[in-house]
Amino acid sequence: MNVSAAGKSGCRLVFFGSSEFAIPTLRALIDSGYAIGRVYTQAPAPAGRGKRLHRTPVHRVAIEQGLDVATPDHLDAETVDDVMRLHPDVAVLVSYGQLIPAAMLDVPAHGFLNIHPSLLPRWRGAAPVQRAIMAGDARTGVTIMHMDAHYDSGMILMQEEATIHPDDTAASLAERLAARGASLLARTLETLETIAPRPQTPDGITRAPKISREETRVDWHQPAVRVDAMIRGLSPKPGAWTRWNDNRVKILMSCLAEDEGPPGAVLDDCLTVACGTGAIRIKRLQAPSGKTMDGPSFLRGYGKGRTDCFT
């Protein structure tokens, strides 16, 4: 079946996605009139103090839109058969959370299209948005990739660059990339029959593994530019953290400041903190009480003067 010639309502889609990042794409496909045969998303999981089961963001939107939803715990042979019965022309995968088995990749007539929030082959892996900010990259982007049996290594169909701003957090950057990815996927689907896929260049590969717990503690001996990039790259989740009078504090937003001092020392009432070289100003943090506040408010509630120090 020719996807371009069939028209949007005649193109049979299946959608795989779970997180907030996938929602702009799902909504764009719905608004454009594509025939979405089924939405596959992660099963409801316990969350919060009461550990109640919560549906994924994609699950909630799909239900609101009256779409058929499946939440398989594993993509096994039964799920492969389930997809086959839908006879999809193409599958779209965005931030799903499970690996697609090789037996499923060839089921859609035009395969699986994936939106990846980086300029592949840079930042292959689970945390490309966070890693790009933490590395101090000035630019990133989105890639529409034709998925293969390996991890983020498929043929590139389309790419679009995006600037990383000095005040970007992982959340703000991901929001922009999600919108760009949705728009770029729309253009890809409309011209799918005429696109010449190109392979990823092996010399540009970098990895973006999931953020480990050991990486999230602030090392105040690092240069300020690295500390600031780390804080913004980990905000809001999992969050960079440090200790204040033996209490764990999560730092959610910072910026560079012109000052010097012993690493970790608080230098003024605006919560400017010295690093190995230079300093940062903490603009938003989560206090030991769990309350989110700005730097001056934190010092008024928890500070004892400028001799205080983060460790």
# chains A, B, ... in the order shown; residues from 1 in each chain; ligands from 1

$ select_by_dssp --residues "stretch 48-228 of chain A" --states "alpha helix (DSSP H)" --output "PyMOL selection string"
chain A and resi 57-64+77-86+102-105+128-134+170-190+224-228

$ residues_around --residues "stretch 184-198 of chain A" --least-positions-apart "3" --cutoff "8 Å" --atoms "only C-alpha atoms" --output "JSON, numbers by chain"
{"A": [2, 3, 4, 25, 28, 29, 115, 144, 155, 156, 157, 158, 159, 160, 180, 181]}

$ residues_around --residues "A:Asp148" --least-positions-apart "4" --cutoff "9 Å" --atoms "only C-alpha atoms" --output "ChimeraX atom specification"
/A:102,105,111-112,152-155

$ write_last_selection --atoms "all heavy atoms" --output "PDB file, in the first residue's frame"
ATOM      1  N   ALA A 102      12.480  -8.237  17.300  1.00  0.00           N
ATOM      2  CA  ALA A 102      12.779  -8.249  15.862  1.00  0.00           C
ATOM      3  C   ALA A 102      11.614  -8.782  15.046  1.00  0.00           C
ATOM      4  O   ALA A 102      11.352  -8.311  13.931  1.00  0.00           O
ATOM      5  CB  ALA A 102      14.041  -9.078  15.612  1.00  0.00           C
ATOM      6  N   LEU A 105       9.177  -5.959  14.049  1.00  0.00           N
ATOM      7  CA  LEU A 105       9.617  -4.819  13.255  1.00  0.00           C
ATOM      8  C   LEU A 105       9.134  -4.871  11.811  1.00  0.00           C
ATOM      9  O   LEU A 105       8.874  -3.836  11.194  1.00  0.00           O
ATOM     10  CB  LEU A 105      11.146  -4.713  13.286  1.00  0.00           C
ATOM     11  CG  LEU A 105      11.759  -4.301  14.622  1.00  0.00           C
ATOM     12  CD1 LEU A 105      13.279  -4.395  14.552  1.00  0.00           C
ATOM     13  CD2 LEU A 105      11.330  -2.885  15.011  1.00  0.00           C
ATOM     14  N   GLY A 111       7.199  -0.612   8.190  1.00  0.00           N
ATOM     15  CA  GLY A 111       8.047  -0.705   9.354  1.00  0.00           C
ATOM     16  C   GLY A 111       7.664   0.222  10.504  1.00  0.00           C
ATOM     17  O   GLY A 111       6.562   0.773  10.560  1.00  0.00           O
ATOM     18  N   PHE A 112       8.619   0.368  11.428  1.00  0.00           N
ATOM     19  CA  PHE A 112       8.455   1.207  12.615  1.00  0.00           C
ATOM     20  C   PHE A 112       9.218   2.514  12.429  1.00  0.00           C
ATOM     21  O   PHE A 112      10.419   2.503  12.123  1.00  0.00           O
ATOM     22  CB  PHE A 112       9.005   0.496  13.854  1.00  0.00           C
ATOM     23  CG  PHE A 112       8.029  -0.386  14.562  1.00  0.00           C
ATOM     24  CD1 PHE A 112       7.657  -1.610  14.024  1.00  0.00           C
ATOM     25  CD2 PHE A 112       7.484  -0.007  15.780  1.00  0.00           C
ATOM     26  CE1 PHE A 112       6.765  -2.438  14.685  1.00  0.00           C
ATOM     27  CE2 PHE A 112       6.587  -0.832  16.450  1.00  0.00           C
ATOM     28  CZ  PHE A 112       6.228  -2.048  15.905  1.00  0.00           C
ATOM     29  N   ASP A 152      18.773   2.204  18.566  1.00  0.00           N
ATOM     30  CA  ASP A 152      18.919   3.558  18.025  1.00  0.00           C
ATOM     31  C   ASP A 152      19.913   3.637  16.871  1.00  0.00           C
ATOM     32  O   ASP A 152      20.616   4.637  16.711  1.00  0.00           O
ATOM     33  CB  ASP A 152      19.353   4.538  19.132  1.00  0.00           C
ATOM     34  CG  ASP A 152      18.281   4.747  20.182  1.00  0.00           C
ATOM     35  OD1 ASP A 152      17.097   4.502  19.879  1.00  0.00           O
ATOM     36  OD2 ASP A 152      18.623   5.146  21.314  1.00  0.00           O
ATOM     37  N   SER A 153      19.970   2.599  16.062  1.00  0.00           N
ATOM     38  CA  SER A 153      20.959   2.552  14.986  1.00  0.00           C
ATOM     39  C   SER A 153      20.330   2.525  13.595  1.00  0.00           C
ATOM     40  O   SER A 153      21.033   2.341  12.607  1.00  0.00           O
ATOM     41  CB  SER A 153      21.857   1.321  15.152  1.00  0.00           C
ATOM     42  OG  SER A 153      21.096   0.122  15.057  1.00  0.00           O
ATOM     43  N   GLY A 154      19.027   2.716  13.503  1.00  0.00           N
ATOM     44  CA  GLY A 154      18.336   2.581  12.231  1.00  0.00           C
ATOM     45  C   GLY A 154      18.636   3.693  11.242  1.00  0.00           C
ATOM     46  O   GLY A 154      19.285   4.706  11.561  1.00  0.00           O
ATOM     47  N   MET A 155      18.158   3.518  10.027  1.00  0.00           N
ATOM     48  CA  MET A 155      18.357   4.490   8.957  1.00  0.00           C
ATOM     49  C   MET A 155      17.606   5.789   9.260  1.00  0.00           C
ATOM     50  O   MET A 155      16.472   5.769   9.736  1.00  0.00           O
ATOM     51  CB  MET A 155      17.879   3.911   7.635  1.00  0.00           C
ATOM     52  CG  MET A 155      18.600   2.649   7.197  1.00  0.00           C
ATOM     53  SD  MET A 155      20.234   2.960   6.528  1.00  0.00           S
ATOM     54  CE  MET A 155      19.810   3.388   4.834  1.00  0.00           C
TER      55      MET A 155
END

$ atom_distance --atom1 "atom CA of A:Ala229" --atom2 "atom CA of A:Arg131"
9.6 Å

$ residues_around --residues "A:Glu258" --least-positions-apart "4" --cutoff "9 Å" --atoms "only C-alpha atoms" --output "JSON, numbers by chain"
{"A": [278, 279, 280]}

$ residues_around --residues "A:Pro288" --least-positions-apart "5" --cutoff "8 Å" --atoms "only C-alpha atoms" --output "PyMOL selection string"
chain A and resi 247-249

$ write_last_selection --atoms "all heavy atoms" --output "PDB file, in the first residue's frame"
ATOM      1  N   ASN A 247      21.274  17.487  55.756  1.00  0.00           N
ATOM      2  CA  ASN A 247      19.982  17.266  55.115  1.00  0.00           C
ATOM      3  C   ASN A 247      20.151  17.230  53.595  1.00  0.00           C
ATOM      4  O   ASN A 247      20.924  18.020  53.030  1.00  0.00           O
ATOM      5  CB  ASN A 247      18.994  18.383  55.476  1.00  0.00           C
ATOM      6  CG  ASN A 247      18.600  18.341  56.935  1.00  0.00           C
ATOM      7  OD1 ASN A 247      18.164  17.302  57.428  1.00  0.00           O
ATOM      8  ND2 ASN A 247      18.759  19.455  57.626  1.00  0.00           N
ATOM      9  N   ARG A 248      19.447  16.341  52.953  1.00  0.00           N
ATOM     10  CA  ARG A 248      19.499  16.233  51.498  1.00  0.00           C
ATOM     11  C   ARG A 248      18.612  17.304  50.871  1.00  0.00           C
ATOM     12  O   ARG A 248      17.445  17.453  51.243  1.00  0.00           O
ATOM     13  CB  ARG A 248      19.040  14.842  51.070  1.00  0.00           C
ATOM     14  CG  ARG A 248      19.107  14.589  49.575  1.00  0.00           C
ATOM     15  CD  ARG A 248      18.901  13.117  49.312  1.00  0.00           C
ATOM     16  NE  ARG A 248      18.708  12.859  47.894  1.00  0.00           N
ATOM     17  CZ  ARG A 248      19.186  11.797  47.254  1.00  0.00           C
ATOM     18  NH1 ARG A 248      19.891  10.902  47.921  1.00  0.00           N
ATOM     19  NH2 ARG A 248      18.966  11.611  45.974  1.00  0.00           N
ATOM     20  N   VAL A 249      19.178  18.049  49.926  1.00  0.00           N
ATOM     21  CA  VAL A 249      18.475  19.124  49.236  1.00  0.00           C
ATOM     22  C   VAL A 249      18.575  18.886  47.736  1.00  0.00           C
ATOM     23  O   VAL A 249      19.658  18.589  47.222  1.00  0.00           O
ATOM     24  CB  VAL A 249      19.089  20.498  49.591  1.00  0.00           C
ATOM     25  CG1 VAL A 249      18.433  21.599  48.775  1.00  0.00           C
ATOM     26  CG2 VAL A 249      18.951  20.779  51.076  1.00  0.00           C
TER      27      VAL A 249
END

$ residues_around --residues "stretch 84-90 of chain A" --least-positions-apart "3" --cutoff "7 Å" --atoms "only C-alpha atoms" --output "ChimeraX atom specification"
/A:11-14,37,80-81,107-112

$ write_last_selection --atoms "N, CA and C atoms" --output "PDB file, in the first residue's frame"
ATOM      1  N   CYS A  11      -4.475   5.405   5.724  1.00  0.00           N
ATOM      2  CA  CYS A  11      -3.216   4.856   6.237  1.00  0.00           C
ATOM      3  C   CYS A  11      -3.460   4.278   7.623  1.00  0.00           C
ATOM      4  N   ARG A  12      -3.299   2.975   7.765  1.00  0.00           N
ATOM      5  CA  ARG A  12      -3.557   2.303   9.036  1.00  0.00           C
ATOM      6  C   ARG A  12      -2.306   2.362   9.915  1.00  0.00           C
ATOM      7  N   LEU A  13      -2.466   2.958  11.090  1.00  0.00           N
ATOM      8  CA  LEU A  13      -1.350   3.161  12.014  1.00  0.00           C
ATOM      9  C   LEU A  13      -1.547   2.373  13.303  1.00  0.00           C
ATOM     10  N   VAL A  14      -0.447   1.957  13.915  1.00  0.00           N
ATOM     11  CA  VAL A  14      -0.456   1.572  15.318  1.00  0.00           C
ATOM     12  C   VAL A  14       0.561   2.471  16.009  1.00  0.00           C
ATOM     13  N   GLY A  37      -5.211   2.179  14.618  1.00  0.00           N
ATOM     14  CA  GLY A  37      -5.874   0.926  14.951  1.00  0.00           C
ATOM     15  C   GLY A  37      -5.777   0.566  16.416  1.00  0.00           C
ATOM     16  N   VAL A  80       2.883  -9.819  19.068  1.00  0.00           N
ATOM     17  CA  VAL A  80       3.225  -9.766  17.650  1.00  0.00           C
ATOM     18  C   VAL A  80       2.020 -10.186  16.805  1.00  0.00           C
ATOM     19  N   ASP A  81       1.371 -11.267  17.217  1.00  0.00           N
ATOM     20  CA  ASP A  81       0.175 -11.725  16.498  1.00  0.00           C
ATOM     21  C   ASP A  81      -0.935 -10.682  16.553  1.00  0.00           C
ATOM     22  N   VAL A 107       6.352  -6.342  10.746  1.00  0.00           N
ATOM     23  CA  VAL A 107       4.905  -6.550  10.614  1.00  0.00           C
ATOM     24  C   VAL A 107       4.243  -5.406   9.843  1.00  0.00           C
ATOM     25  N   PRO A 108       4.473  -4.128  10.220  1.00  0.00           N
ATOM     26  CA  PRO A 108       3.873  -3.050   9.420  1.00  0.00           C
ATOM     27  C   PRO A 108       4.504  -3.007   8.026  1.00  0.00           C
ATOM     28  N   ALA A 109       3.717  -2.719   7.031  1.00  0.00           N
ATOM     29  CA  ALA A 109       4.213  -2.704   5.653  1.00  0.00           C
ATOM     30  C   ALA A 109       5.387  -1.766   5.471  1.00  0.00           C
ATOM     31  N   HIS A 110       5.363  -0.646   6.193  1.00  0.00           N
ATOM     32  CA  HIS A 110       6.446   0.337   6.090  1.00  0.00           C
ATOM     33  C   HIS A 110       7.265   0.417   7.371  1.00  0.00           C
ATOM     34  N   GLY A 111       7.199  -0.612   8.190  1.00  0.00           N
ATOM     35  CA  GLY A 111       8.047  -0.705   9.354  1.00  0.00           C
ATOM     36  C   GLY A 111       7.664   0.222  10.504  1.00  0.00           C
ATOM     37  N   PHE A 112       8.619   0.368  11.428  1.00  0.00           N
ATOM     38  CA  PHE A 112       8.455   1.207  12.615  1.00  0.00           C
ATOM     39  C   PHE A 112       9.218   2.514  12.429  1.00  0.00           C
TER      40      PHE A 112
END

$ atom_distance --atom1 "atom CA of A:Arg38" --atom2 "atom CA of A:Pro101"
17.8 Å

$ closest_atom_pairs --of "stretch 184-281 of chain A" --to "stretch 290-297 of chain A" --cutoff "12 Å" --atoms "only C-alpha atoms" --output "Markdown table"
| residue | atom | partner | partner_atom | distance |
| --- | --- | --- | --- | --- |
| A:Pro236 | CA | A:Thr292 | CA | 11.4 |
| A:Asn247 | CA | A:Gly290 | CA | 11.2 |
| A:Arg248 | CA | A:Gly290 | CA | 10.0 |
| A:Val249 | CA | A:Gly290 | CA | 8.7 |
| A:Lys250 | CA | A:Gly290 | CA | 9.0 |
| A:Ile251 | CA | A:Thr292 | CA | 9.4 |
| A:Leu252 | CA | A:Thr292 | CA | 8.8 |
| A:Met253 | CA | A:Asp294 | CA | 9.1 |
| A:Ser254 | CA | A:Gly295 | CA | 9.6 |
| A:Cys255 | CA | A:Gly295 | CA | 11.7 |
| A:Val266 | CA | A:Gly295 | CA | 10.6 |
| A:Leu267 | CA | A:Gly295 | CA | 11.9 |
| A:Asp268 | CA | A:Pro296 | CA | 9.2 |
| A:Asp269 | CA | A:Pro296 | CA | 6.0 |
| A:Cys270 | CA | A:Pro296 | CA | 5.1 |
| A:Leu271 | CA | A:Gly295 | CA | 5.1 |
| A:Thr272 | CA | A:Gly295 | CA | 8.3 |
| A:Val273 | CA | A:Gly295 | CA | 10.4 |
| A:Ile280 | CA | A:Gly295 | CA | 11.4 |
| A:Arg281 | CA | A:Gly295 | CA | 8.0 |

$ atom_distance --atom1 "atom CA of A:Ser172" --atom2 "atom CA of A:Val69"
28.5 Å

$ select_by_dssp --residues "stretch 39-257 of chain A" --states "strand (DSSP E)" --output "PyMOL selection string"
chain A and resi 39-40+45-47+52-54+69-70+90-94+112-116+139-146+155-163+240-244+247-257
